[in-house]
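Peer 1: I'm passing along structure_24.txt; it holds compact mmCIF, N, CA and C atoms.
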# COMPACT_ATOMS: atom_id res chain seq x y z
N MET A 1 0.85 -1.17 0.00
CA MET A 1 0.00 0.00 0.00
C MET A 1 0.90 1.23 0.00
N GLN A 2 0.57 2.18 -0.86
CA GLN A 2 1.36 3.42 -0.91
C GLN A 2 0.50 4.60 -0.46
N ILE A 3 1.12 5.44 0.34
CA ILE A 3 0.47 6.66 0.84
C ILE A 3 1.27 7.84 0.31
N GLU A 4 0.58 8.73 -0.38
CA GLU A 4 1.25 9.91 -0.91
C GLU A 4 1.10 11.06 0.08
N LEU A 5 2.25 11.53 0.56
CA LEU A 5 2.29 12.67 1.47
C LEU A 5 2.77 13.88 0.68
N THR A 6 2.81 15.03 1.32
CA THR A 6 3.18 16.27 0.64
C THR A 6 4.52 16.15 -0.08
N ASN A 7 5.54 15.64 0.60
CA ASN A 7 6.88 15.56 0.01
C ASN A 7 7.44 14.15 -0.07
N TYR A 8 6.62 13.14 0.23
CA TYR A 8 7.12 11.78 0.30
C TYR A 8 6.08 10.79 -0.25
N LEU A 9 6.58 9.65 -0.68
CA LEU A 9 5.75 8.50 -1.00
C LEU A 9 6.15 7.41 -0.01
N VAL A 10 5.19 6.94 0.77
CA VAL A 10 5.47 5.96 1.81
C VAL A 10 4.82 4.63 1.42
N THR A 11 5.61 3.58 1.41
CA THR A 11 5.10 2.24 1.15
C THR A 11 4.93 1.53 2.48
N LEU A 12 3.71 1.03 2.72
CA LEU A 12 3.39 0.35 3.97
C LEU A 12 3.19 -1.15 3.72
N LYS A 13 3.52 -1.93 4.73
CA LYS A 13 3.20 -3.36 4.69
C LYS A 13 1.68 -3.48 4.71
N GLU A 14 1.17 -4.46 4.01
CA GLU A 14 -0.28 -4.61 3.92
C GLU A 14 -0.87 -5.47 5.02
N LYS A 15 -0.02 -6.23 5.71
CA LYS A 15 -0.49 -7.09 6.79
C LYS A 15 0.44 -6.95 7.98
N MET A 16 -0.13 -7.20 9.13
CA MET A 16 0.65 -7.14 10.36
C MET A 16 1.17 -8.54 10.70
N THR A 17 2.44 -8.60 11.06
CA THR A 17 3.01 -9.87 11.50
C THR A 17 2.74 -10.05 13.00
N TRP A 18 2.91 -11.27 13.46
CA TRP A 18 2.71 -11.54 14.88
C TRP A 18 3.69 -10.73 15.72
N GLY A 19 4.95 -10.69 15.28
CA GLY A 19 5.96 -9.95 16.03
C GLY A 19 5.67 -8.46 16.10
N ALA A 20 5.19 -7.90 14.98
CA ALA A 20 4.83 -6.48 14.97
C ALA A 20 3.67 -6.23 15.92
N LYS A 21 2.70 -7.13 15.90
CA LYS A 21 1.54 -6.98 16.80
C LYS A 21 1.99 -6.97 18.25
N GLN A 22 2.90 -7.87 18.60
CA GLN A 22 3.38 -7.95 19.98
C GLN A 22 4.15 -6.68 20.37
N ALA A 23 4.98 -6.18 19.47
CA ALA A 23 5.76 -4.97 19.75
C ALA A 23 4.84 -3.77 19.97
N ILE A 24 3.83 -3.65 19.12
CA ILE A 24 2.88 -2.53 19.24
C ILE A 24 2.07 -2.66 20.52
N GLU A 25 1.58 -3.87 20.82
CA GLU A 25 0.80 -4.07 22.03
C GLU A 25 1.62 -3.79 23.29
N CYS A 26 2.89 -4.16 23.26
CA CYS A 26 3.77 -3.91 24.41
C CYS A 26 3.86 -2.41 24.69
N ASP A 27 4.11 -1.62 23.65
CA ASP A 27 4.19 -0.17 23.83
C ASP A 27 2.84 0.41 24.22
N SER A 28 1.77 -0.09 23.60
CA SER A 28 0.44 0.45 23.89
C SER A 28 0.00 0.13 25.32
N MET A 29 0.27 -1.09 25.78
CA MET A 29 -0.17 -1.48 27.13
C MET A 29 0.58 -0.70 28.22
N SER A 30 1.77 -0.21 27.90
CA SER A 30 2.50 0.56 28.91
C SER A 30 1.81 1.90 29.17
N ALA A 31 0.83 2.25 28.34
CA ALA A 31 0.10 3.51 28.53
C ALA A 31 -0.93 3.40 29.65
N LEU A 32 -1.32 2.18 29.99
CA LEU A 32 -2.36 1.97 31.00
C LEU A 32 -1.72 1.76 32.36
N ILE A 33 -2.15 2.57 33.32
CA ILE A 33 -1.64 2.45 34.68
C ILE A 33 -2.82 2.21 35.61
N LEU A 34 -2.83 1.05 36.26
CA LEU A 34 -3.87 0.70 37.21
C LEU A 34 -3.25 0.66 38.60
N THR A 35 -3.89 1.34 39.55
CA THR A 35 -3.39 1.31 40.92
C THR A 35 -4.52 0.91 41.85
N GLY A 36 -4.16 0.19 42.89
CA GLY A 36 -5.13 -0.26 43.87
C GLY A 36 -4.93 -1.73 44.17
N ASP A 37 -5.81 -2.29 44.96
CA ASP A 37 -5.77 -3.69 45.34
C ASP A 37 -6.00 -4.55 44.09
N PRO A 38 -5.18 -5.58 43.87
CA PRO A 38 -5.33 -6.41 42.65
C PRO A 38 -6.73 -6.98 42.47
N GLN A 39 -7.39 -7.39 43.54
CA GLN A 39 -8.74 -7.93 43.41
C GLN A 39 -9.73 -6.85 42.98
N ARG A 40 -9.53 -5.64 43.50
CA ARG A 40 -10.42 -4.54 43.11
C ARG A 40 -10.15 -4.10 41.67
N ILE A 41 -8.87 -4.16 41.24
CA ILE A 41 -8.55 -3.83 39.85
C ILE A 41 -9.26 -4.82 38.93
N LYS A 42 -9.20 -6.10 39.27
CA LYS A 42 -9.87 -7.12 38.46
C LYS A 42 -11.37 -6.85 38.40
N ALA A 43 -11.96 -6.49 39.53
CA ALA A 43 -13.39 -6.17 39.56
C ALA A 43 -13.70 -4.91 38.76
N ALA A 44 -12.80 -3.93 38.84
CA ALA A 44 -13.01 -2.68 38.10
C ALA A 44 -13.00 -2.91 36.60
N LEU A 45 -12.13 -3.79 36.16
CA LEU A 45 -12.07 -4.08 34.73
C LEU A 45 -13.35 -4.76 34.26
N GLY A 46 -14.03 -5.42 35.18
CA GLY A 46 -15.28 -6.10 34.82
C GLY A 46 -16.51 -5.25 35.03
N GLY A 47 -16.41 -4.16 35.77
CA GLY A 47 -17.62 -3.38 36.00
C GLY A 47 -17.41 -2.06 36.70
N GLY A 48 -16.22 -1.81 37.17
CA GLY A 48 -15.94 -0.51 37.75
C GLY A 48 -15.91 -0.53 39.26
N SER A 49 -15.06 0.30 39.81
CA SER A 49 -14.92 0.44 41.25
C SER A 49 -14.35 1.82 41.53
N ALA A 50 -14.93 2.50 42.49
CA ALA A 50 -14.46 3.83 42.85
C ALA A 50 -13.10 3.76 43.55
N GLU A 51 -12.72 2.58 44.02
CA GLU A 51 -11.48 2.44 44.76
C GLU A 51 -10.29 2.07 43.88
N THR A 52 -10.50 2.00 42.60
CA THR A 52 -9.43 1.69 41.66
C THR A 52 -9.18 2.89 40.79
N LYS A 53 -7.92 3.22 40.62
CA LYS A 53 -7.56 4.37 39.81
C LYS A 53 -6.99 3.90 38.47
N VAL A 54 -7.53 4.43 37.40
CA VAL A 54 -7.06 4.11 36.06
C VAL A 54 -6.50 5.39 35.44
N GLN A 55 -5.26 5.32 34.96
CA GLN A 55 -4.63 6.47 34.32
C GLN A 55 -4.08 6.05 32.97
N LEU A 56 -3.98 7.02 32.08
CA LEU A 56 -3.34 6.78 30.79
C LEU A 56 -2.10 7.65 30.70
N ASN A 57 -1.01 7.06 30.25
CA ASN A 57 0.25 7.75 30.09
C ASN A 57 0.33 8.23 28.64
N GLY A 58 0.20 9.53 28.43
CA GLY A 58 0.20 10.10 27.09
C GLY A 58 1.47 9.82 26.31
N GLU A 59 2.61 9.84 26.99
CA GLU A 59 3.87 9.56 26.30
C GLU A 59 3.91 8.13 25.79
N ALA A 60 3.35 7.20 26.57
CA ALA A 60 3.32 5.80 26.14
C ALA A 60 2.34 5.60 24.98
N ILE A 61 1.26 6.36 24.98
CA ILE A 61 0.31 6.29 23.85
C ILE A 61 1.01 6.75 22.58
N LEU A 62 1.74 7.85 22.66
CA LEU A 62 2.50 8.34 21.50
C LEU A 62 3.55 7.32 21.08
N ALA A 63 4.24 6.71 22.03
CA ALA A 63 5.25 5.70 21.71
C ALA A 63 4.62 4.52 20.97
N GLY A 64 3.41 4.13 21.36
CA GLY A 64 2.71 3.05 20.68
C GLY A 64 2.36 3.42 19.25
N LYS A 65 1.92 4.66 19.03
CA LYS A 65 1.61 5.11 17.67
C LYS A 65 2.86 5.14 16.81
N ILE A 66 3.95 5.65 17.37
CA ILE A 66 5.21 5.71 16.63
C ILE A 66 5.69 4.30 16.29
N LYS A 67 5.62 3.38 17.25
CA LYS A 67 6.04 2.00 17.01
C LYS A 67 5.21 1.38 15.90
N ALA A 68 3.90 1.61 15.91
CA ALA A 68 3.02 1.06 14.88
C ALA A 68 3.42 1.57 13.50
N ILE A 69 3.63 2.87 13.39
CA ILE A 69 4.01 3.45 12.09
C ILE A 69 5.37 2.90 11.66
N GLU A 70 6.31 2.83 12.60
CA GLU A 70 7.65 2.34 12.27
C GLU A 70 7.62 0.91 11.74
N VAL A 71 6.86 0.02 12.37
CA VAL A 71 6.88 -1.38 11.93
C VAL A 71 6.13 -1.59 10.61
N PHE A 72 5.24 -0.68 10.27
CA PHE A 72 4.50 -0.83 9.01
C PHE A 72 5.18 -0.20 7.81
N ILE A 73 6.10 0.72 8.04
CA ILE A 73 6.76 1.37 6.91
C ILE A 73 7.79 0.42 6.27
N GLU A 74 7.61 0.19 4.97
CA GLU A 74 8.60 -0.59 4.21
C GLU A 74 9.65 0.33 3.61
N LYS A 75 9.19 1.46 3.05
CA LYS A 75 10.16 2.41 2.51
C LYS A 75 9.52 3.78 2.36
N ILE A 76 10.40 4.77 2.38
CA ILE A 76 10.01 6.18 2.21
C ILE A 76 10.89 6.73 1.09
N THR A 77 10.27 7.39 0.14
CA THR A 77 11.04 8.07 -0.90
C THR A 77 10.61 9.53 -0.97
N ASP A 78 11.55 10.40 -1.33
CA ASP A 78 11.21 11.81 -1.48
C ASP A 78 10.74 12.06 -2.91
N ARG A 79 10.48 13.32 -3.25
CA ARG A 79 9.96 13.66 -4.58
C ARG A 79 10.91 13.28 -5.71
N GLU A 80 12.21 13.22 -5.43
CA GLU A 80 13.20 12.84 -6.44
C GLU A 80 13.38 11.33 -6.52
N GLY A 81 12.67 10.59 -5.70
CA GLY A 81 12.79 9.13 -5.70
C GLY A 81 13.90 8.59 -4.83
N LYS A 82 14.57 9.45 -4.06
CA LYS A 82 15.65 9.00 -3.17
C LYS A 82 15.06 8.41 -1.90
N LEU A 83 15.66 7.31 -1.45
CA LEU A 83 15.23 6.67 -0.21
C LEU A 83 15.51 7.58 0.98
N VAL A 84 14.54 7.61 1.88
CA VAL A 84 14.66 8.40 3.11
C VAL A 84 14.54 7.42 4.27
N PRO A 85 15.51 7.38 5.16
CA PRO A 85 15.40 6.46 6.29
C PRO A 85 14.32 6.92 7.28
N PHE A 86 13.61 5.95 7.86
CA PHE A 86 12.64 6.30 8.89
C PHE A 86 13.37 6.76 10.13
N SER A 87 12.85 7.80 10.76
CA SER A 87 13.32 8.21 12.08
C SER A 87 12.15 8.87 12.79
N VAL A 88 12.22 8.88 14.09
CA VAL A 88 11.17 9.53 14.88
C VAL A 88 11.12 11.01 14.53
N ASN A 89 12.28 11.62 14.33
CA ASN A 89 12.30 13.05 13.97
C ASN A 89 11.63 13.28 12.63
N TRP A 90 11.87 12.39 11.65
CA TRP A 90 11.19 12.51 10.35
C TRP A 90 9.68 12.49 10.55
N LEU A 91 9.21 11.53 11.35
CA LEU A 91 7.78 11.39 11.60
C LEU A 91 7.20 12.62 12.31
N LYS A 92 7.88 13.06 13.35
CA LYS A 92 7.37 14.20 14.13
C LYS A 92 7.43 15.51 13.35
N ASP A 93 8.30 15.60 12.35
CA ASP A 93 8.42 16.82 11.55
C ASP A 93 7.44 16.88 10.38
N LEU A 94 6.66 15.83 10.17
CA LEU A 94 5.67 15.87 9.08
C LEU A 94 4.61 16.93 9.38
N PRO A 95 4.04 17.54 8.34
CA PRO A 95 2.89 18.42 8.57
C PRO A 95 1.76 17.60 9.22
N ILE A 96 0.92 18.26 9.98
CA ILE A 96 -0.16 17.58 10.69
C ILE A 96 -0.99 16.70 9.76
N GLU A 97 -1.35 17.24 8.60
CA GLU A 97 -2.20 16.49 7.66
C GLU A 97 -1.50 15.21 7.21
N ASP A 98 -0.20 15.28 6.95
CA ASP A 98 0.55 14.10 6.52
C ASP A 98 0.66 13.08 7.64
N GLY A 99 0.96 13.55 8.84
CA GLY A 99 1.05 12.64 9.99
C GLY A 99 -0.27 11.94 10.25
N ASP A 100 -1.36 12.69 10.18
CA ASP A 100 -2.69 12.10 10.39
C ASP A 100 -3.02 11.09 9.29
N LYS A 101 -2.67 11.41 8.07
CA LYS A 101 -2.94 10.52 6.93
C LYS A 101 -2.19 9.20 7.11
N LEU A 102 -0.94 9.28 7.51
CA LEU A 102 -0.12 8.09 7.74
C LEU A 102 -0.66 7.28 8.92
N ASP A 103 -0.99 7.97 10.00
CA ASP A 103 -1.55 7.31 11.19
C ASP A 103 -2.86 6.61 10.85
N ASP A 104 -3.73 7.26 10.07
CA ASP A 104 -5.01 6.66 9.68
C ASP A 104 -4.80 5.41 8.84
N ALA A 105 -3.84 5.46 7.92
CA ALA A 105 -3.57 4.31 7.05
C ALA A 105 -3.06 3.12 7.88
N VAL A 106 -2.15 3.38 8.81
CA VAL A 106 -1.63 2.31 9.66
C VAL A 106 -2.73 1.77 10.56
N SER A 107 -3.58 2.63 11.10
CA SER A 107 -4.69 2.19 11.94
C SER A 107 -5.65 1.29 11.16
N ALA A 108 -5.90 1.64 9.90
CA ALA A 108 -6.80 0.83 9.07
C ALA A 108 -6.22 -0.57 8.86
N ILE A 109 -4.91 -0.66 8.62
CA ILE A 109 -4.28 -1.97 8.45
C ILE A 109 -4.33 -2.75 9.75
N ARG A 110 -4.04 -2.09 10.85
CA ARG A 110 -4.08 -2.76 12.16
C ARG A 110 -5.47 -3.26 12.47
N ASN A 111 -6.48 -2.44 12.22
CA ASN A 111 -7.86 -2.84 12.50
C ASN A 111 -8.30 -4.00 11.62
N ALA A 112 -7.86 -4.02 10.38
CA ALA A 112 -8.18 -5.14 9.48
C ALA A 112 -7.55 -6.42 10.00
N GLY A 113 -6.34 -6.32 10.54
CA GLY A 113 -5.66 -7.49 11.07
C GLY A 113 -6.27 -8.00 12.36
N ASN A 114 -6.90 -7.11 13.13
CA ASN A 114 -7.52 -7.51 14.39
C ASN A 114 -8.91 -8.05 14.21
N SER A 115 -9.49 -7.91 13.01
CA SER A 115 -10.89 -8.30 12.83
C SER A 115 -11.07 -9.79 12.60
N SER A 116 -9.99 -10.49 12.30
CA SER A 116 -10.14 -11.92 12.05
C SER A 116 -10.27 -12.67 13.37
N ALA A 117 -11.31 -13.48 13.47
CA ALA A 117 -11.55 -14.25 14.68
C ALA A 117 -10.77 -15.55 14.61
N ARG A 118 -10.26 -16.00 15.77
CA ARG A 118 -9.54 -17.27 15.83
C ARG A 118 -10.38 -18.28 16.56
N ALA A 119 -10.42 -19.48 16.02
CA ALA A 119 -11.14 -20.58 16.68
C ALA A 119 -10.29 -21.09 17.83
N LEU A 120 -10.93 -21.37 18.93
CA LEU A 120 -10.19 -21.90 20.09
C LEU A 120 -10.24 -23.41 20.11
Could you show the structure in this file as structure tokens?
Peer 2:
Amino acid sequence: MQIELTNYLVTLKEKMTWGAKQAIECDSMSALILTGDPQRIKAALGGGSAETKVQLNGEAILAGKIKAIEVFIEKITDREGKLVPFSVNWLKDLPIEDGDKLDDAVSAIRNAGNSSARAL
């Protein structure tokens, strides 16, 4: 899959591998912080409890998004066709519209990969 950005053409992997899924989930899960008694946390996850505190770490959420984009990018080329290496700085320096377009494309691939049900 190719995504055309303002100054780049980005080629994305069309499917998520198991290893990529695990890497993304690892970064994403670090965004969730649960504090309190373990039994109450378990109950809160099933229905809620005022005695359990749930927080989200914004930096970890961003790290998960960056990891997802990084593992899905196969190659980046500029307008002259020269290869551009992926870097976090390259990603963060994209115009908002380009960053959102890339994030949406990766999210669509991830969601397609998560929609398949597995028989137990």
Peer 1: A:Val88, A:Ala68, A:Met1, A:Leu12: which is nearest Glu25 (chain A), counting all atoms listed in the file?
Peer 2: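 Counting all atoms listed in the file, the residue closest to Glu25 (chain A) is A:Ala68.
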Peer 1: Counting only C-alpha atoms, figure out which residue out of A:Arg110, A:Lys21, A:Arg79, A:Lys67 gets nearest to Leu91 (chain A).
Peer 2: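 For Leu91 (chain A), the nearest of the candidates is A:Lys67.
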Peer 1: Have a look at atom N of Gly64 (chain A) and atom C of Cys26 (chain A) and let me know their distance in Å, one decimal.
Peer 2: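 Computing the Euclidean distance for atom N of Gly64 (chain A) and atom C of Cys26 (chain A) yields 7.4 Å.
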Peer 1: Can you tell me how far atom N of Asp93 (chain A) sits from atom N of Asn111 (chain A), in Å to one decimal?
Peer 2: 23.3 Å
Peer 1: One number please: CA of Ala112 (chain A) to atom C of Trp18 (chain A), in Å, one decimal.
Peer 2: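 Result for CA of Ala112 (chain A) versus atom C of Trp18 (chain A): 14.5 Å, one decimal.
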Peer 1: List as an MDAnalysis selection string the protein and nucleic acid residues near Val10 (chain A), meaning an atom at most 6 Å away when only C-alpha atoms are counted, but skip any in the same chain fewer than 2 places from it.
Peer 2: chainID A and resid 2:3 75:76
